[in-house]
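Since the structure comes first, as structure tokens, the remarks are kept for the end.
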Amino acid sequence: MSAWLRTSHSKAFVSVSLLAMLLSGTGAKAETSGNGIVIPSFDDKYSAYVRNLESGKTDIDYSDFRNSFLESRQFDLKRAKLSEYTNLKKEVYAQMKQSNYQAIIKAAKAMLNIDYTTDQGDQTFYFGVTRIFARLEESLRKGSRSTK
């Protein structure tokens with residue numbers, strides 16, 4: 001085998017291997033909280049913050065949390081999904097006007113799975129939404145049981 005072929009073969013193998021690692025790394029270790037929020041699988045500071053917040057540990061350095069997002073691979077994923085994130089944000093507000101709580105929960109969870117830090121102005125709303133997920137879903141379940 002020529003040196004050029006060995007080098008090209010090695011580069012292709014490395015490229016395919018890196019792509020496979022990236023693709024498998026985005027879901028291989030993913031865990032989901034009790035609220036249905038996917039904890040990022042990057043094993044970085046941002047992922048640890050999301051895990052802590054989802055477990056109810058809210059006494060964190062929120063500035064460091066937001067900065068850790070910028071340093072996380074999750075930030076690159078948000079850039080790739082920016083259009084989806086923007087549409088989900090619009091959906092949350094549209095569903096709020098209609099008091100469609102199940103749709104609000106679904107869209108807000110999808111947003112938090114992309115960027116748990118949210119926009120600064122919306123931070124209180126989204127952290128509030130995550131806290132009421134369980135209560136609201138339970139109320140909806142009870143309501144649907146009572147109508148049957």
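Starting from 1 in every chain, residues are counted up; chains themselves are A, B, ... following the order of the structure tokens, and ligands are numbered from 1 as listed.
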
Query - Near-Ile104 in chain A list (9 Å; only C-alpha atoms; drop same-chain fewer than 6 positions) as a PyMOL selection string - result: chain A and resi 91-96+129

Report task. Within 12 Å of Tyr49 in chain A, counting only C-alpha atoms, which residues show up once you throw out same-chain ones fewer than 5 positions away? Write them as a VMD selection string, please. Result -> chain A and resid 39 to 40 42 to 44 54 to 69 72 116 to 117

Query raised in the report: For Lys81 in chain A, which residue among A:Ser47, A:Leu53, A:Glu138, A:Asn113 is the nearest when counting only C-alpha atoms?
Result: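 Distance minimum relative to Lys81 in chain A lands on A:Asn113.
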
Query raised in the report: If we count only C-alpha atoms, what is near Lys106 in chain A at a cut-off of 10 Å, once residues fewer than 3 positions away on the same chain are taken out, given as a ChimeraX atom specification?
Result: /A:36,88,91-92,101-103,109-111,133

For the selection just defined, write its residues with N, CA and C atoms to a file, as a short mmCIF file (atom, residue, chain, number, x, y, z; two decimals), in the first residue's frame.
```
data_model
loop_
_atom_site.label_atom_id
_atom_site.label_comp_id
_atom_site.auth_asym_id
_atom_site.auth_seq_id
_atom_site.Cartn_x
_atom_site.Cartn_y
_atom_site.Cartn_z
N GLY A 36 -38.55 15.26 32.87
CA GLY A 36 -38.46 15.01 31.44
C GLY A 36 -37.44 15.88 30.74
N LEU A 88 -39.94 27.53 19.16
CA LEU A 88 -40.48 27.00 20.42
C LEU A 88 -40.84 28.14 21.38
N GLU A 91 -43.98 29.58 20.34
CA GLU A 91 -45.05 28.63 20.65
C GLU A 91 -45.46 28.71 22.12
N VAL A 92 -44.48 28.85 23.01
CA VAL A 92 -44.80 28.96 24.44
C VAL A 92 -45.72 30.16 24.68
N TYR A 101 -52.03 24.46 28.70
CA TYR A 101 -50.93 24.12 29.60
C TYR A 101 -50.10 22.94 29.12
N GLN A 102 -50.72 21.94 28.53
CA GLN A 102 -49.95 20.80 28.04
C GLN A 102 -49.00 21.22 26.93
N ALA A 103 -49.45 22.08 26.03
CA ALA A 103 -48.60 22.57 24.95
C ALA A 103 -47.50 23.47 25.48
N LYS A 109 -40.24 22.50 27.77
CA LYS A 109 -39.28 21.42 27.99
C LYS A 109 -38.35 21.29 26.80
N ALA A 110 -38.90 21.39 25.61
CA ALA A 110 -38.07 21.31 24.40
C ALA A 110 -37.05 22.45 24.37
N MET A 111 -37.47 23.65 24.80
CA MET A 111 -36.56 24.79 24.86
C MET A 111 -35.46 24.53 25.88
N PHE A 133 -43.96 21.90 36.48
CA PHE A 133 -44.23 20.78 35.57
C PHE A 133 -44.93 19.64 36.28
#
```

Alpha helix (DSSP H) positions in range 27-82 of chain A, given as an mmCIF file with C-alpha atoms, in the first residue's frame:
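Written out: selection28.cif:
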```cif
data_model
loop_
_atom_site.group_PDB
_atom_site.id
_atom_site.type_symbol
_atom_site.label_atom_id
_atom_site.label_comp_id
_atom_site.auth_asym_id
_atom_site.auth_seq_id
_atom_site.Cartn_x
_atom_site.Cartn_y
_atom_site.Cartn_z
ATOM 1 C CA LYS A 45 -19.697 22.177 34.116
ATOM 2 C CA TYR A 46 -22.888 23.180 32.287
ATOM 3 C CA SER A 47 -24.190 19.596 32.338
ATOM 4 C CA ALA A 48 -23.445 19.388 36.070
ATOM 5 C CA TYR A 49 -25.352 22.621 36.696
ATOM 6 C CA VAL A 50 -28.395 21.333 34.771
ATOM 7 C CA ARG A 51 -28.265 18.063 36.720
ATOM 8 C CA ASN A 52 -28.121 19.993 40.026
ATOM 9 C CA LEU A 53 -30.954 22.342 39.078
ATOM 10 C CA GLU A 54 -33.140 19.459 37.943
ATOM 11 C CA TYR A 62 -26.042 31.724 38.077
ATOM 12 C CA SER A 63 -23.408 33.898 36.372
ATOM 13 C CA ASP A 64 -21.040 30.940 36.292
ATOM 14 C CA PHE A 65 -23.897 28.755 35.079
ATOM 15 C CA ARG A 66 -24.564 31.057 32.100
ATOM 16 C CA ASN A 67 -20.844 31.289 31.344
ATOM 17 C CA SER A 68 -20.491 27.514 31.527
ATOM 18 C CA PHE A 69 -23.116 27.246 28.786
ATOM 19 C CA LEU A 70 -20.936 29.354 26.493
ATOM 20 C CA GLU A 71 -18.027 26.975 27.115
ATOM 21 C CA ARG A 73 -20.690 21.874 23.433
ATOM 22 C CA GLN A 74 -24.379 22.436 24.194
ATOM 23 C CA PHE A 75 -23.832 26.038 23.034
ATOM 24 C CA ASP A 76 -22.837 24.742 19.583
ATOM 25 C CA LEU A 77 -25.956 22.580 19.537
ATOM 26 C CA LYS A 78 -28.107 25.621 20.342
ATOM 27 C CA ARG A 79 -26.542 27.550 17.464
ATOM 28 C CA ALA A 80 -27.430 24.647 15.176
ATOM 29 C CA LEU A 82 -31.499 28.370 16.858
#
```

Query raised in the report: Just how far from CA of Ile114 in chain A is CA of Thr86 in chain A, in Å to one decimal?
Result: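 Atom-to-atom, CA of Thr86 in chain A to CA of Ile114 in chain A, that is 10.7 Å.
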